[in-house]
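Shown below: coords-v6.csv, with CSV, C-alpha atoms.
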chain,number,residue,atom,x,y,z
U,1,MET,CA,-7.7,-10.0,-42.6
U,2,THR,CA,-6.2,-6.9,-41.1
U,3,THR,CA,-7.6,-5.8,-37.8
U,4,PHE,CA,-7.3,-2.4,-36.2
U,5,ALA,CA,-7.8,-0.7,-32.9
U,6,VAL,CA,-8.7,2.9,-32.0
U,7,LEU,CA,-6.4,5.1,-29.9
U,8,TYR,CA,-8.1,8.1,-28.2
U,9,THR,CA,-5.7,10.9,-27.2
U,10,GLY,CA,-8.0,13.6,-25.9
U,11,ALA,CA,-10.0,14.8,-28.9
U,12,THR,CA,-7.6,13.1,-31.3
U,13,LEU,CA,-8.6,9.8,-32.9
U,14,LYS,CA,-6.0,7.6,-34.6
U,15,ARG,CA,-6.5,4.2,-36.1
U,16,GLN,CA,-3.6,1.7,-35.8
U,17,TYR,CA,-3.3,-1.3,-38.0
U,18,LEU,CA,-2.3,-4.3,-35.9
U,19,GLU,CA,0.3,-6.6,-37.5
U,20,HIS,CA,1.3,-9.4,-35.1
U,21,MET,CA,4.7,-8.6,-33.7
U,22,ILE,CA,5.1,-10.3,-30.3
U,23,GLU,CA,4.2,-14.0,-30.3
U,24,LEU,CA,4.5,-16.3,-27.3
U,25,LYS,CA,4.0,-20.1,-27.6
U,26,ASN,CA,3.9,-22.5,-24.6
U,27,VAL,CA,6.5,-20.5,-22.7
U,28,THR,CA,7.6,-21.9,-19.4
U,29,PHE,CA,10.3,-20.3,-17.2
U,30,THR,CA,11.4,-21.3,-13.8
U,31,TYR,CA,14.1,-19.5,-11.8
U,32,ARG,CA,16.9,-21.6,-10.3
U,33,LYS,CA,16.0,-23.0,-6.9
U,34,ALA,CA,12.3,-21.9,-7.4
U,35,LYS,CA,9.7,-24.6,-6.6
U,36,THR,CA,7.1,-23.3,-9.1
U,37,PRO,CA,7.4,-21.7,-12.5
U,38,ALA,CA,7.4,-17.9,-12.9
U,39,LEU,CA,5.7,-18.5,-16.3
U,40,SER,CA,3.7,-21.6,-17.0
U,41,ASP,CA,2.7,-22.5,-20.6
U,42,VAL,CA,2.3,-18.9,-21.7
U,43,SER,CA,0.8,-18.4,-25.2
U,44,GLY,CA,-0.6,-15.3,-26.9
U,45,ARG,CA,0.3,-12.6,-29.4
U,46,ILE,CA,-0.2,-8.9,-29.8
U,47,GLY,CA,0.3,-6.4,-32.5
U,48,SER,CA,1.1,-2.7,-32.6
U,49,GLY,CA,-0.3,-0.2,-30.1
U,50,LEU,CA,-0.1,0.5,-26.4
U,51,TYR,CA,-0.8,-2.5,-24.2
U,52,LEU,CA,-1.4,-2.7,-20.4
U,53,LEU,CA,0.3,-5.6,-18.7
U,54,ALA,CA,-1.7,-6.4,-15.6
U,55,GLY,CA,-1.9,-9.1,-13.0
U,56,GLU,CA,-1.5,-9.6,-9.2
U,57,ASN,CA,1.9,-9.3,-7.5
U,58,GLY,CA,3.9,-12.4,-8.3
U,59,ALA,CA,1.8,-13.2,-11.4
U,60,GLY,CA,4.9,-13.2,-13.6
U,61,LYS,CA,4.7,-9.8,-15.3
U,62,THR,CA,8.4,-8.8,-14.9
U,63,THR,CA,9.5,-12.3,-15.9
U,64,LEU,CA,7.3,-12.0,-19.0
U,65,LEU,CA,9.0,-8.7,-19.9
U,66,HIS,CA,12.4,-10.2,-19.5
U,67,VAL,CA,11.5,-13.1,-21.8
U,68,ILE,CA,10.0,-10.8,-24.5
U,69,ALA,CA,13.2,-8.6,-24.3
U,70,GLY,CA,15.4,-11.7,-24.7
U,71,LEU,CA,17.0,-11.2,-21.3
U,72,SER,CA,15.7,-14.6,-20.0
U,73,ARG,CA,15.5,-17.7,-22.1
U,74,PRO,CA,12.4,-20.0,-21.5
U,75,GLN,CA,13.1,-23.6,-20.6
U,76,GLU,CA,10.2,-24.5,-22.8
U,77,GLY,CA,8.4,-22.8,-25.7
U,78,THR,CA,9.3,-19.8,-27.8
U,79,SER,CA,9.1,-16.0,-27.7
U,80,LYS,CA,9.3,-14.2,-31.0
U,81,ILE,CA,9.3,-10.6,-32.3
U,82,ASP,CA,8.4,-10.5,-36.0
U,83,SER,CA,9.3,-14.2,-36.4
U,84,TYR,CA,12.7,-13.7,-34.8
U,85,PRO,CA,13.5,-15.3,-31.4
U,86,SER,CA,13.4,-12.7,-28.7
U,87,ALA,CA,16.8,-14.0,-27.4
U,88,THR,CA,18.4,-13.5,-30.8
U,89,THR,CA,22.1,-12.6,-31.1
U,90,ASN,CA,21.5,-10.9,-34.4
U,91,PRO,CA,22.5,-7.2,-33.8
U,92,ALA,CA,20.0,-5.9,-36.2
U,93,GLU,CA,17.1,-7.6,-34.4
U,94,MET,CA,18.5,-6.8,-30.9
U,95,GLY,CA,18.1,-3.1,-31.9
U,96,ASN,CA,14.4,-3.6,-32.2
U,97,VAL,CA,13.5,-4.1,-28.6
U,98,PHE,CA,14.3,-2.3,-25.3
U,99,LEU,CA,13.2,-2.9,-21.7
U,100,LEU,CA,13.2,0.0,-19.2
U,101,GLU,CA,13.2,-1.7,-15.8
U,102,GLU,CA,12.3,-0.1,-12.5
U,103,ASN,CA,15.3,1.5,-10.8
U,104,MET,CA,17.5,0.7,-13.8
U,105,CYS,CA,21.1,2.1,-13.9
U,106,PHE,CA,22.3,4.0,-17.0
U,107,PRO,CA,26.1,4.1,-16.9
U,108,GLY,CA,27.2,7.6,-17.9
U,109,LYS,CA,27.8,10.9,-16.3
U,110,THR,CA,24.8,12.5,-18.1
U,111,ILE,CA,22.0,11.2,-20.1
U,112,LYS,CA,23.5,12.8,-23.2
U,113,ILE,CA,26.8,11.0,-22.6
U,114,PHE,CA,25.0,7.8,-22.2
U,115,LYS,CA,23.0,8.5,-25.4
U,116,ASP,CA,26.2,9.0,-27.4
U,117,LEU,CA,27.5,5.6,-26.3
U,118,HIS,CA,24.3,3.6,-26.4
U,119,SER,CA,22.1,5.0,-29.2
U,120,ARG,CA,24.5,3.8,-32.0
U,121,PHE,CA,23.0,0.3,-31.5
U,122,TYR,CA,19.5,1.6,-32.3
U,123,PRO,CA,19.3,2.7,-35.9
U,124,ASP,CA,15.9,4.4,-35.6
U,125,PHE,CA,16.9,6.6,-32.6
U,126,SER,CA,15.8,10.2,-33.1
U,127,GLU,CA,18.0,13.0,-31.8
U,128,ASP,CA,15.1,15.5,-32.5
U,129,ILE,CA,12.6,13.4,-30.4
U,130,PHE,CA,15.2,13.0,-27.6
U,131,GLU,CA,15.8,16.8,-27.4
U,132,ALA,CA,12.1,17.5,-27.5
U,133,ASN,CA,11.4,14.9,-24.8
U,134,LEU,CA,14.1,16.4,-22.5
U,135,LYS,CA,12.6,19.9,-23.0
U,136,ALA,CA,9.2,18.6,-22.2
U,137,PHE,CA,10.5,17.1,-18.9
U,138,GLY,CA,12.3,20.4,-18.1
U,139,GLN,CA,15.9,19.1,-18.6
U,140,THR,CA,18.8,19.8,-20.8
U,141,GLY,CA,20.4,16.4,-20.7
U,142,ASP,CA,23.6,17.8,-19.2
U,143,GLU,CA,22.6,17.3,-15.6
U,144,PRO,CA,24.9,14.8,-13.8
U,145,MET,CA,22.7,11.7,-13.3
U,146,GLU,CA,24.3,10.9,-9.9
U,147,SER,CA,22.9,14.2,-8.6
U,148,LEU,CA,19.3,13.8,-9.9
U,149,SER,CA,16.4,12.8,-7.7
U,150,LEU,CA,14.7,9.5,-8.5
U,151,GLY,CA,11.9,11.4,-10.3
U,152,ASN,CA,14.2,13.4,-12.4
U,153,LEU,CA,16.4,10.4,-13.2
U,154,LYS,CA,13.3,8.6,-14.4
U,155,LYS,CA,12.4,11.6,-16.6
U,156,ALA,CA,15.9,11.5,-18.2
U,157,GLN,CA,15.6,7.8,-18.9
U,158,LEU,CA,12.1,8.1,-20.3
U,159,ALA,CA,13.2,11.0,-22.6
U,160,TYR,CA,15.9,8.7,-24.0
U,161,VAL,CA,14.0,5.4,-24.4
U,162,LEU,CA,11.0,7.1,-26.0
U,163,ALA,CA,13.3,8.4,-28.7
U,164,LEU,CA,14.9,5.0,-29.5
U,165,GLY,CA,12.3,4.2,-32.1
U,166,VAL,CA,12.4,0.4,-31.3
U,167,LYS,CA,9.6,-1.8,-32.6
U,168,VAL,CA,9.0,-3.1,-29.1
U,169,LEU,CA,9.4,-0.9,-26.1
U,170,LEU,CA,8.7,-2.5,-22.7
U,171,LEU,CA,8.2,-0.2,-19.7
U,172,ASP,CA,8.1,-1.7,-16.1
U,173,GLU,CA,6.5,0.8,-13.7
U,174,PRO,CA,7.4,3.9,-15.8
U,175,THR,CA,5.5,6.4,-13.6
U,176,ASN,CA,7.0,5.3,-10.3
U,177,ALA,CA,8.8,8.3,-8.7
U,178,LEU,CA,7.3,10.8,-11.2
U,179,ASP,CA,5.4,13.8,-9.9
U,180,ILE,CA,1.9,14.7,-11.2
U,181,GLU,CA,3.4,17.0,-13.9
U,182,GLY,CA,5.9,14.3,-15.0
U,183,ARG,CA,3.1,11.7,-15.3
U,184,GLU,CA,1.0,14.0,-17.5
U,185,THR,CA,4.1,14.8,-19.6
U,186,LEU,CA,4.8,11.0,-20.1
U,187,ARG,CA,1.2,10.5,-21.2
U,188,ARG,CA,1.5,13.3,-23.8
U,189,LEU,CA,4.9,12.0,-25.0
U,190,ILE,CA,3.7,8.4,-25.5
U,191,ALA,CA,0.6,9.7,-27.4
U,192,ALA,CA,2.9,11.8,-29.6
U,193,ASP,CA,5.8,9.5,-30.1
U,194,ILE,CA,4.2,6.1,-30.7
U,195,ARG,CA,4.3,5.0,-34.3
U,196,ASP,CA,1.7,2.9,-36.1
U,197,ASP,CA,4.1,0.0,-36.4
U,198,GLN,CA,5.4,0.2,-32.8
U,199,THR,CA,4.3,-1.9,-29.7
U,200,ILE,CA,4.6,-0.5,-26.2
U,201,VAL,CA,3.9,-2.7,-23.3
U,202,VAL,CA,3.4,-1.0,-19.9
U,203,SER,CA,3.4,-2.8,-16.5
U,204,THR,CA,2.0,-0.3,-14.0
U,205,HIS,CA,0.1,0.0,-10.8
U,206,THR,CA,-0.9,3.7,-11.4
U,207,MET,CA,-3.7,3.2,-13.9
U,208,GLY,CA,-4.9,6.8,-13.9
U,209,ASP,CA,-1.9,8.0,-15.9
U,210,LEU,CA,-2.3,6.1,-19.1
U,211,ASP,CA,-5.7,4.5,-19.0
U,212,ARG,CA,-7.2,6.6,-21.8
U,213,LEU,CA,-4.4,5.5,-24.2
U,214,PHE,CA,-4.4,1.7,-24.0
U,215,ASP,CA,-5.2,-0.2,-27.2
U,216,GLY,CA,-5.3,-3.6,-25.5
U,217,ALA,CA,-4.0,-5.7,-22.6
U,218,MET,CA,-1.9,-8.7,-21.6
U,219,ILE,CA,-3.3,-10.1,-18.4
U,220,MET,CA,-1.3,-12.5,-16.2
U,221,HIS,CA,-2.7,-14.6,-13.4
U,222,LYS,CA,-0.8,-17.2,-11.3
U,223,SER,CA,2.1,-17.4,-13.9
U,224,ARG,CA,-0.3,-17.8,-16.9
U,225,LEU,CA,-1.2,-15.4,-19.6
U,226,VAL,CA,-5.0,-15.5,-19.4
U,227,PHE,CA,-5.7,-12.9,-22.0
U,228,ALA,CA,-3.9,-11.0,-24.7
U,229,GLY,CA,-5.8,-8.8,-27.1
U,230,THR,CA,-7.2,-5.5,-28.2
U,231,GLU,CA,-9.7,-3.2,-26.6
U,232,GLU,CA,-12.2,-4.5,-29.2
U,233,GLU,CA,-11.6,-8.0,-28.0
U,234,VAL,CA,-12.1,-7.0,-24.3
U,235,ALA,CA,-15.3,-5.2,-25.3
U,236,GLU,CA,-16.6,-8.4,-26.9
U,237,ARG,CA,-16.4,-10.1,-23.5
U,238,LEU,CA,-17.1,-7.4,-21.0
U,239,THR,CA,-19.5,-4.4,-20.8
U,240,PHE,CA,-18.7,-1.4,-18.6
U,241,GLU,CA,-21.7,0.7,-17.5
U,242,TYR,CA,-22.0,3.7,-15.1
U,243,SER,CA,-24.8,4.0,-12.6
U,244,ASN,CA,-25.8,5.8,-9.4
U,245,THR,CA,-26.1,2.4,-7.7
U,246,SER,CA,-24.2,-0.8,-7.4
U,247,ASP,CA,-25.8,-3.6,-9.3
U,248,PRO,CA,-25.8,-7.0,-7.6
U,249,GLU,CA,-26.2,-8.7,-11.0
U,250,SER,CA,-22.9,-7.3,-12.2
U,251,ILE,CA,-19.7,-9.4,-11.9
U,252,TYR,CA,-17.9,-6.5,-10.5
U,253,SER,CA,-19.0,-3.1,-9.1
U,254,GLU,CA,-16.8,-0.2,-7.9
U,255,ASN,CA,-17.7,3.2,-6.5
U,256,ALA,CA,-15.7,5.8,-8.4
U,257,ALA,CA,-16.1,9.5,-7.4
U,258,GLY,CA,-19.7,9.1,-6.4
U,259,ARG,CA,-20.8,6.9,-9.3
U,260,PHE,CA,-20.6,3.2,-9.7
U,261,ILE,CA,-18.9,1.4,-12.6
U,262,ASN,CA,-20.5,-2.0,-13.1
U,263,ILE,CA,-18.9,-4.7,-15.2
U,264,TYR,CA,-21.1,-7.3,-16.9
U,265,PRO,CA,-20.6,-10.1,-19.4
U,266,ALA,CA,-21.0,-8.6,-22.9
U,267,ASP,CA,-24.2,-9.4,-24.6
U,268,GLY,CA,-22.9,-8.8,-28.1
U,269,HIS,CA,-25.2,-5.9,-28.9
U,270,ASP,CA,-24.1,-2.8,-26.9
U,271,GLU,CA,-20.9,-1.1,-27.9
U,272,THR,CA,-18.8,-0.1,-24.9
U,273,ARG,CA,-15.6,1.7,-24.1
U,274,VAL,CA,-13.3,-0.3,-21.9
U,275,ASP,CA,-12.6,1.3,-18.5
U,276,TRP,CA,-9.1,0.1,-18.1
U,277,LYS,CA,-8.8,1.4,-14.5
U,278,ALA,CA,-12.0,-0.5,-13.5
U,279,LEU,CA,-10.7,-3.6,-15.2
U,280,TYR,CA,-7.4,-3.3,-13.4
U,281,MET,CA,-9.2,-2.9,-10.1
U,282,ALA,CA,-11.5,-5.9,-10.8
U,283,LEU,CA,-8.5,-8.1,-11.6
U,284,HIS,CA,-7.0,-7.2,-8.2
U,285,SER,CA,-10.3,-7.8,-6.3
U,286,ASP,CA,-12.0,-11.0,-4.9
U,287,LYS,CA,-14.0,-11.0,-8.2
U,288,SER,CA,-10.8,-11.6,-10.3
U,289,GLU,CA,-11.6,-15.2,-11.1
U,290,ARG,CA,-15.0,-14.2,-12.6
U,291,ILE,CA,-13.5,-11.5,-14.7
U,292,ILE,CA,-10.8,-13.8,-16.0
U,293,HIS,CA,-13.3,-16.5,-16.7
U,294,GLN,CA,-15.3,-14.1,-18.9
U,295,LEU,CA,-12.2,-12.8,-20.7
U,296,GLN,CA,-11.2,-16.4,-21.7
U,297,LYS,CA,-14.5,-17.1,-23.4
Full structure transcribed into structure tokens:
Amino acid sequence: MTTFAVLYTGATLKRQYLEHMIELKNVTFTYRKAKTPALSDVSGRIGSGLYLLAGENGAGKTTLLHVIAGLSRPQEGTSKIDSYPSATTNPAEMGNVFLLEENMCFPGKTIKIFKDLHSRFYPDFSEDIFEANLKAFGQTGDEPMESLSLGNLKKAQLAYVLALGVKVLLLDEPTNALDIEGRETLRRLIAADIRDDQTIVVSTHTMGDLDRLFDGAMIMHKSRLVFAGTEEEVAERLTFEYSNTSDPESIYSENAAGRFINIYPADGHDETRVDWKALYMALHSDKSERIIHQLQK
């Protein structure tokens, strides 16, 4: 049976059909000389849409992105994209995934020169989207990258990677170094550029930038993937309610701009929108174990 999620982009409503694309099965990865695994028996799968990758510092988020991108091979288990191993050497399949890491270096004098050399390996790259993205970020693409500030360098990189058209785009802290206008531009570009058959996974600590766009989440905790699913699946387990007071009966409560957001176990009757920012904060609080326990039901 085909499932779907709902993506809200302001007043725009778009349904996305979720066909399983990323599948992890019993993945374990340990860095050389490390005493404990960075990933331990990780299993889960997600389909198309925009997914939040959340978890405490050291939970294994960056390592998970490396495994999905095929940059790290697990010692145990498998990571697949559309049934192909993530670490495939098949050029056609390698052109279906890209990981933009934090503080990543793009060799090339300008982003356009880099694009001319690099985009040939990505058959769905769109020159029109690239140019539109550059314009949205206030750039021409001819600026020497070595002279750009960290924020403007990140804008140039994002303008390029959002035009690649890959099936799976992995973004590690994409809003770091961006100013307020740049973060709003990124939000608009992701909402405009994401295709119905595309998966974007975002690891971020700045939840306010993209929280209205997420279709689902992958949640890491102590090297394990404790939840991977859609917004509907989160809402089946957790209820988010707003109140003027904190409720001691809730499993998590947060004061947000003068109002409280209370999180409860879902009762299966009330429909609720997931407050991704509140969920993120709950996962980084002393109530995280209670939230994770409920998500795993």
Query - Residues within 12 Å of (10.1, -18.9, -33.0), file coords, only C-alpha atoms, listed as a count of residues only - result: 22
Report task. Just give me the gap between atom CA of Val42 of chain U and atom CA of Phe227 of chain U in Å, one decimal is fine. Result ->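 Computed distance, atom CA of Val42 of chain U to atom CA of Phe227 of chain U, equals 10.0 Å.
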Query raised in the report: Rounded to one decimal in Å, what is the spacing between atom CA of Met104 of chain U and atom CA of Val201 of chain U?
Result: 16.9 Å
Requested in this report: For Ala163 of chain U, work out the shell of residues within 12 Å, counting all atoms listed in the file and skipping chain neighbours fewer than 2 positions away, then give it as a count of residues only.
Outcome: 32
Requested in this report: Give me the residues within 12 Å of Tyr51 of chain U as a PyMOL selection string, counting all atoms listed in the file and dropping any in the same chain fewer than 3 places off.
Outcome: chain U and resi 5+7+18+22+45-48+54+168-171+190+194+198-204+210-219+227-231+276
Query raised in the report: Can you tell me, as JSON, numbers by chain, what residues are no more than 12 Å from Thr63 of chain U when counting all atoms listed in the file, ignoring any on the same chain fewer than 3 positions away?
Result: {"U": [27, 28, 29, 30, 31, 37, 38, 39, 40, 42, 53, 57, 58, 59, 60, 66, 67, 68, 69, 70, 71, 72, 73, 74, 99, 101, 170, 172, 203, 220, 223, 224, 225]}
Requested in this report: Have a look at U:Cys105, U:Leu295, U:Leu283, U:Leu153 and name the one nearest to Thr239 of chain U; count all atoms listed in the file.
Outcome: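 Ranked by minimum distance to Thr239 of chain U, first place goes to U:Leu295.
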Query raised in the report: With distances taken over only C-alpha atoms, which of U:His221, U:Lys109, U:Arg32, U:His293 is nearest to Gly55 of chain U?
Result: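 The shortest atom-to-atom distance to Gly55 of chain U comes from U:His221.
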Report task. Record the distance separating atom CA of Tyr280 of chain U and atom CA of Met207 of chain U, expressed in Å with one decimal. Result -> 7.5 Å
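Distances here use only C-alpha atoms; by that measure, the residue among U:Leu50, U:Ile263, U:Ile292, U:Met281 closest to Arg187 of chain U is U:Leu50.
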